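First the structure, in the form of structure tokens, and then the observations on it.
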Amino acid sequence: MSRLHIASGLGPCLLAAGLLTLGAGGEARAEEATRPATALPLAPVMHAVDVDEHLGNELERSLQFTDHTGKAVTLGDYFDGKRPVLLTMNYFRCPVLCNVQLNELTEALRLFDWTAGDEHFRIVTVSIDPREQTELAGTKRANHLQALGRGDAVDWAFLTGDALNIRLLAAQLGIQYAYDPEQDQYAHPAVVVFASPEGKIARYVYGLSYAANDLKFGLIEASEGRVGTTLDRIILSCFHYDATLGRYGPFAFGLMRVAGALTVLLIGTALLIYWRRERRIGA
């Protein structure tokens, strides 16, 4: 599937946000996702946005942004040739969808055995609203790092930029969004993009919540096996990316292959023990 159509009206988003909030069982969130009391129906153009997957395309490293500290950066600053990058496009004053998505991403990262900034990966979140500035980006980042609970050294950059560079990045990622001037809000898809250490688009994972394994598998694929243990790669062989769901799921042949290898190992071990025992008896 090269193209995924995603409904993004605020009505479905608010319903999803409500269900996720009820299902969270009172767990801490970086920010509460609440519906504005004066919310109005979205314009027709806002009822659907698209993700046109550009797998294998290389991102333009010269795109210019400003990070959460006010430093001028380029997109290429986050690709070091060693670690894959997890990319999201949101906006920091979003009342519903972004809060839910980033809160759930933070929760998945909290349960993850890797930390952004270690030898495994980095995270970059880019605002799609060119009016947002450094102060808001810094506040948003601080909220999520506090919820994550792994200190301030986590390598999760929150970037702002001008309309041109934001649009160019979105076009390269295949992320299409729209602005509703009446509500002063953006409609956009909930998607995480995994890019290789060199900046090549490797995988898209969709949804308002994420499993830690989805993140790990996406990063292992994006790194082409350069991060993760041998066991991680064996486990990945038991799963495949389901393009209809935009997530990873069990892969029957992979499970059978691993089960077969374990069976051979167990039988071989048993035969080795038997052979050694018979050899001692014969001696």
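Here, A, B, ... name the chains of the structure tokens in the order displayed, residue numbers run from 1 inside each chain, and ligands are numbered from 1 in the same displayed order.
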Item to check | Residue neighbourhood range 126-129 of chain A, 12 Å, only C-alpha atoms, exclusion window fewer than 3 positions, as number ranges by chain | outcome: A: 63-68, 74-75, 86-94, 98, 102, 123, 132-134, 136-138, 140-141, 156-171, 173, 175-180, 184-189, 192-193
Generate a file of the selected residues that holds C-alpha atoms, formatted as a PDB file, in the first residue's frame.
```
ATOM      1  CA  LEU A  63      15.977  22.203   5.464  1.00  0.00           C
ATOM      2  CA  GLN A  64      16.267  24.896   8.137  1.00  0.00           C
ATOM      3  CA  PHE A  65      14.527  25.002  11.517  1.00  0.00           C
ATOM      4  CA  THR A  66      14.955  26.361  15.054  1.00  0.00           C
ATOM      5  CA  ASP A  67      15.224  23.946  17.981  1.00  0.00           C
ATOM      6  CA  HIS A  68      13.668  24.214  21.441  1.00  0.00           C
ATOM      7  CA  THR A  74      19.172  21.903   9.741  1.00  0.00           C
ATOM      8  CA  LEU A  75      17.396  18.605   9.366  1.00  0.00           C
ATOM      9  CA  LEU A  86      11.895   8.795  14.688  1.00  0.00           C
ATOM     10  CA  LEU A  87      10.036  11.755  13.131  1.00  0.00           C
ATOM     11  CA  THR A  88       6.624  13.257  13.902  1.00  0.00           C
ATOM     12  CA  MET A  89       4.853  16.349  12.581  1.00  0.00           C
ATOM     13  CA  ASN A  90       2.441  17.975  15.027  1.00  0.00           C
ATOM     14  CA  TYR A  91       1.728  21.429  16.390  1.00  0.00           C
ATOM     15  CA  PHE A  92       2.293  22.369  19.978  1.00  0.00           C
ATOM     16  CA  ARG A  93      -0.921  24.229  20.809  1.00  0.00           C
ATOM     17  CA  CYS A  94      -3.132  21.503  19.286  1.00  0.00           C
ATOM     18  CA  CYS A  98      -1.410  16.108  18.908  1.00  0.00           C
ATOM     19  CA  LEU A 102       2.411  12.730  21.724  1.00  0.00           C
ATOM     20  CA  ILE A 123      13.552  11.733  17.989  1.00  0.00           C
ATOM     21  CA  GLU A 132       4.837  28.741  16.835  1.00  0.00           C
ATOM     22  CA  GLN A 133       8.091  29.844  18.420  1.00  0.00           C
ATOM     23  CA  THR A 134      10.937  28.543  20.570  1.00  0.00           C
ATOM     24  CA  LEU A 136       6.299  27.059  23.148  1.00  0.00           C
ATOM     25  CA  ALA A 137       8.526  24.304  21.721  1.00  0.00           C
ATOM     26  CA  GLY A 138      10.664  24.323  24.862  1.00  0.00           C
ATOM     27  CA  LYS A 140       6.126  21.292  25.151  1.00  0.00           C
ATOM     28  CA  ARG A 141       9.384  19.355  25.257  1.00  0.00           C
ATOM     29  CA  TRP A 156      14.126  14.562  21.583  1.00  0.00           C
ATOM     30  CA  ALA A 157      14.212  17.780  19.564  1.00  0.00           C
ATOM     31  CA  PHE A 158      11.131  19.989  19.207  1.00  0.00           C
ATOM     32  CA  LEU A 159      11.551  22.179  16.133  1.00  0.00           C
ATOM     33  CA  THR A 160       9.804  25.214  14.693  1.00  0.00           C
ATOM     34  CA  GLY A 161      10.301  26.763  11.291  1.00  0.00           C
ATOM     35  CA  ASP A 162       8.931  28.963   8.531  1.00  0.00           C
ATOM     36  CA  ALA A 163       6.077  27.880   6.283  1.00  0.00           C
ATOM     37  CA  LEU A 164       8.329  26.984   3.346  1.00  0.00           C
ATOM     38  CA  ASN A 165      10.623  24.599   5.210  1.00  0.00           C
ATOM     39  CA  ILE A 166       7.707  22.988   7.045  1.00  0.00           C
ATOM     40  CA  ARG A 167       5.830  22.418   3.791  1.00  0.00           C
ATOM     41  CA  LEU A 168       8.922  21.053   2.075  1.00  0.00           C
ATOM     42  CA  LEU A 169       9.510  18.536   4.879  1.00  0.00           C
ATOM     43  CA  ALA A 170       5.851  17.502   4.906  1.00  0.00           C
ATOM     44  CA  ALA A 171       5.912  17.029   1.125  1.00  0.00           C
ATOM     45  CA  LEU A 173       7.444  12.743   4.055  1.00  0.00           C
ATOM     46  CA  ILE A 175       2.205  14.106   5.010  1.00  0.00           C
ATOM     47  CA  GLN A 176      -0.704  16.277   3.882  1.00  0.00           C
ATOM     48  CA  TYR A 177      -2.464  18.556   6.353  1.00  0.00           C
ATOM     49  CA  ALA A 178      -4.859  21.507   6.188  1.00  0.00           C
ATOM     50  CA  TYR A 179      -5.535  24.665   8.171  1.00  0.00           C
ATOM     51  CA  ASP A 180      -9.014  25.765   9.230  1.00  0.00           C
ATOM     52  CA  ASP A 184      -7.553  28.321  13.967  1.00  0.00           C
ATOM     53  CA  GLN A 185      -6.673  24.624  13.966  1.00  0.00           C
ATOM     54  CA  TYR A 186      -4.886  22.135  11.727  1.00  0.00           C
ATOM     55  CA  ALA A 187      -6.202  18.777  10.541  1.00  0.00           C
ATOM     56  CA  HIS A 188      -3.364  16.293  10.143  1.00  0.00           C
ATOM     57  CA  PRO A 189      -2.709  12.547  10.292  1.00  0.00           C
ATOM     58  CA  VAL A 192       5.276   8.279  13.117  1.00  0.00           C
ATOM     59  CA  VAL A 193       7.943   8.108  10.412  1.00  0.00           C
TER      60      VAL A 193
END
```
Item to check | strand (DSSP E) call set, DSSP backbone run, range 19-183 of chain A, as JSON, numbers by chain | outcome: {"A": [48, 49, 50, 51, 52, 64, 65, 66, 72, 73, 74, 85, 86, 87, 88, 89, 90, 122, 123, 124, 125, 126, 127, 156, 157, 158, 159, 178, 179, 180]}
Checklist entry - Any idea what's packed within 9 Å of Ala153 in chain A, counting only C-alpha atoms, ignoring anything in its chain fewer than 5 positions away? Could you give it as JSON, numbers by chain? => result {"A": [116, 117, 145]}
Checklist entry - If you count only C-alpha atoms, which residues fall within 7 Å of Leu59 in chain A, apart from same-chain ones fewer than 3 positions away, as a list of chain:residue names? => result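 With the cut-off at 7 Å, the set is A:Gln172, A:Gly199, A:Lys200.
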Write out the residues from the selection above, keeping C-alpha atoms, as a PDB file, in the first residue's frame.
```
ATOM      1  CA  GLN A 172       9.026  14.878   1.331  1.00  0.00           C
ATOM      2  CA  GLY A 199      17.956  10.251   6.214  1.00  0.00           C
ATOM      3  CA  LYS A 200      16.163   7.714   4.009  1.00  0.00           C
TER       4      LYS A 200
END
```
Next on the checklist: Can you pull out every residue from range 14-215 of chain A that DSSP, working from the backbone, puts in alpha helix (DSSP H), and format the result as number ranges by chain?
Outcome noted: A: 14-23, 97-110, 134-148, 163-173, 212-215
Grab the residues selected above and save them as a short mmCIF file (atom, residue, chain, number, x, y, z; two decimals), in the first residue's frame with N, CA and C atoms.
```cif
data_model
loop_
_atom_site.label_atom_id
_atom_site.label_comp_id
_atom_site.auth_asym_id
_atom_site.auth_seq_id
_atom_site.Cartn_x
_atom_site.Cartn_y
_atom_site.Cartn_z
N LEU A 14 -11.91 13.57 18.63
CA LEU A 14 -12.39 13.77 19.99
C LEU A 14 -12.91 12.48 20.58
N LEU A 15 -13.60 11.66 19.75
CA LEU A 15 -14.07 10.37 20.24
C LEU A 15 -12.92 9.49 20.63
N ALA A 16 -11.89 9.44 19.75
CA ALA A 16 -10.71 8.63 20.06
C ALA A 16 -10.02 9.13 21.30
N ALA A 17 -9.92 10.45 21.42
CA ALA A 17 -9.27 11.01 22.60
C ALA A 17 -10.01 10.64 23.86
N GLY A 18 -11.37 10.66 23.80
CA GLY A 18 -12.15 10.31 24.97
C GLY A 18 -11.97 8.86 25.35
N LEU A 19 -11.98 7.96 24.36
CA LEU A 19 -11.79 6.55 24.65
C LEU A 19 -10.42 6.28 25.23
N LEU A 20 -9.39 6.92 24.66
CA LEU A 20 -8.04 6.72 25.18
C LEU A 20 -7.91 7.24 26.59
N THR A 21 -8.57 8.37 26.88
CA THR A 21 -8.49 8.93 28.21
C THR A 21 -9.14 8.00 29.23
N LEU A 22 -10.32 7.42 28.85
CA LEU A 22 -10.98 6.49 29.75
C LEU A 22 -10.15 5.24 29.94
N GLY A 23 -9.49 4.78 28.86
CA GLY A 23 -8.70 3.56 28.94
C GLY A 23 -7.40 3.74 29.65
N LEU A 97 -5.71 16.19 18.93
CA LEU A 97 -5.01 15.07 18.30
C LEU A 97 -3.54 15.00 18.68
N CYS A 98 -2.84 16.12 18.60
CA CYS A 98 -1.41 16.11 18.91
C CYS A 98 -1.15 15.74 20.36
N ASN A 99 -1.98 16.28 21.26
CA ASN A 99 -1.82 15.94 22.67
C ASN A 99 -1.95 14.44 22.88
N VAL A 100 -2.98 13.85 22.29
CA VAL A 100 -3.20 12.42 22.45
C VAL A 100 -2.04 11.63 21.85
N GLN A 101 -1.66 11.98 20.61
CA GLN A 101 -0.59 11.24 19.94
C GLN A 101 0.73 11.35 20.69
N LEU A 102 1.12 12.56 21.06
CA LEU A 102 2.41 12.73 21.72
C LEU A 102 2.39 12.17 23.14
N ASN A 103 1.23 12.25 23.82
CA ASN A 103 1.12 11.63 25.14
C ASN A 103 1.29 10.12 25.05
N GLU A 104 0.64 9.51 24.05
CA GLU A 104 0.74 8.06 23.89
C GLU A 104 2.13 7.65 23.42
N LEU A 105 2.76 8.46 22.59
CA LEU A 105 4.14 8.18 22.19
C LEU A 105 5.06 8.25 23.40
N THR A 106 4.85 9.25 24.26
CA THR A 106 5.65 9.38 25.47
C THR A 106 5.47 8.17 26.37
N GLU A 107 4.23 7.70 26.50
CA GLU A 107 3.97 6.53 27.33
C GLU A 107 4.66 5.28 26.77
N ALA A 108 4.63 5.11 25.43
CA ALA A 108 5.32 3.98 24.82
C ALA A 108 6.82 4.08 25.05
N LEU A 109 7.37 5.29 24.95
CA LEU A 109 8.80 5.49 25.19
C LEU A 109 9.15 5.23 26.65
N ARG A 110 8.23 5.53 27.55
CA ARG A 110 8.46 5.29 28.98
C ARG A 110 8.61 3.79 29.26
N THR A 134 10.05 29.32 19.71
CA THR A 134 10.94 28.54 20.57
C THR A 134 10.37 28.32 21.96
N GLU A 135 9.80 29.35 22.57
CA GLU A 135 9.31 29.23 23.94
C GLU A 135 8.27 28.14 24.07
N LEU A 136 7.34 28.08 23.12
CA LEU A 136 6.30 27.06 23.15
C LEU A 136 6.90 25.68 22.91
N ALA A 137 7.86 25.58 21.99
CA ALA A 137 8.53 24.30 21.72
C ALA A 137 9.25 23.80 22.96
N GLY A 138 9.94 24.71 23.65
CA GLY A 138 10.66 24.32 24.86
C GLY A 138 9.74 23.86 25.96
N THR A 139 8.60 24.54 26.12
CA THR A 139 7.62 24.15 27.14
C THR A 139 7.02 22.78 26.82
N LYS A 140 6.70 22.58 25.57
CA LYS A 140 6.13 21.29 25.15
C LYS A 140 7.12 20.16 25.40
N ARG A 141 8.36 20.38 25.05
CA ARG A 141 9.38 19.36 25.26
C ARG A 141 9.56 19.06 26.75
N ALA A 142 9.61 20.10 27.57
CA ALA A 142 9.79 19.92 29.01
C ALA A 142 8.65 19.09 29.60
N ASN A 143 7.42 19.34 29.16
CA ASN A 143 6.28 18.57 29.65
C ASN A 143 6.42 17.09 29.34
N HIS A 144 6.85 16.79 28.11
CA HIS A 144 6.95 15.39 27.72
C HIS A 144 8.15 14.70 28.36
N LEU A 145 9.24 15.41 28.53
CA LEU A 145 10.39 14.80 29.20
C LEU A 145 10.07 14.54 30.67
N GLN A 146 9.29 15.41 31.28
CA GLN A 146 8.89 15.18 32.67
C GLN A 146 8.02 13.93 32.77
N ALA A 147 7.08 13.77 31.83
CA ALA A 147 6.23 12.58 31.83
C ALA A 147 7.04 11.33 31.52
N LEU A 148 8.06 11.47 30.68
CA LEU A 148 8.90 10.32 30.33
C LEU A 148 9.73 9.86 31.51
N ALA A 163 7.06 28.66 7.04
CA ALA A 163 6.08 27.88 6.28
C ALA A 163 6.72 27.08 5.15
N LEU A 164 7.71 27.66 4.49
CA LEU A 164 8.33 26.98 3.35
C LEU A 164 9.03 25.70 3.77
N ASN A 165 9.89 25.78 4.79
CA ASN A 165 10.62 24.60 5.21
C ASN A 165 9.71 23.53 5.80
N ILE A 166 8.67 23.95 6.50
CA ILE A 166 7.71 22.99 7.05
C ILE A 166 6.99 22.27 5.91
N ARG A 167 6.54 23.02 4.92
CA ARG A 167 5.83 22.42 3.79
C ARG A 167 6.74 21.49 2.98
N LEU A 168 7.98 21.90 2.82
CA LEU A 168 8.92 21.05 2.07
C LEU A 168 9.16 19.73 2.79
N LEU A 169 9.32 19.78 4.12
CA LEU A 169 9.51 18.54 4.88
C LEU A 169 8.26 17.67 4.79
N ALA A 170 7.09 18.27 4.97
CA ALA A 170 5.85 17.50 4.91
C ALA A 170 5.69 16.85 3.54
N ALA A 171 6.03 17.58 2.48
CA ALA A 171 5.91 17.03 1.12
C ALA A 171 6.86 15.86 0.93
N GLN A 172 8.07 15.97 1.46
CA GLN A 172 9.03 14.88 1.33
C GLN A 172 8.59 13.65 2.11
N LEU A 173 7.95 13.86 3.26
CA LEU A 173 7.44 12.74 4.05
C LEU A 173 6.12 12.21 3.51
N ALA A 212 5.44 -0.48 22.26
CA ALA A 212 6.90 -0.35 22.32
C ALA A 212 7.56 -1.20 21.24
N ASN A 213 6.99 -2.37 20.96
CA ASN A 213 7.58 -3.24 19.93
C ASN A 213 7.47 -2.61 18.55
N ASP A 214 6.38 -1.87 18.27
CA ASP A 214 6.26 -1.19 16.98
C ASP A 214 7.40 -0.19 16.81
N LEU A 215 7.72 0.53 17.88
CA LEU A 215 8.82 1.49 17.82
C LEU A 215 10.15 0.76 17.61
#
```
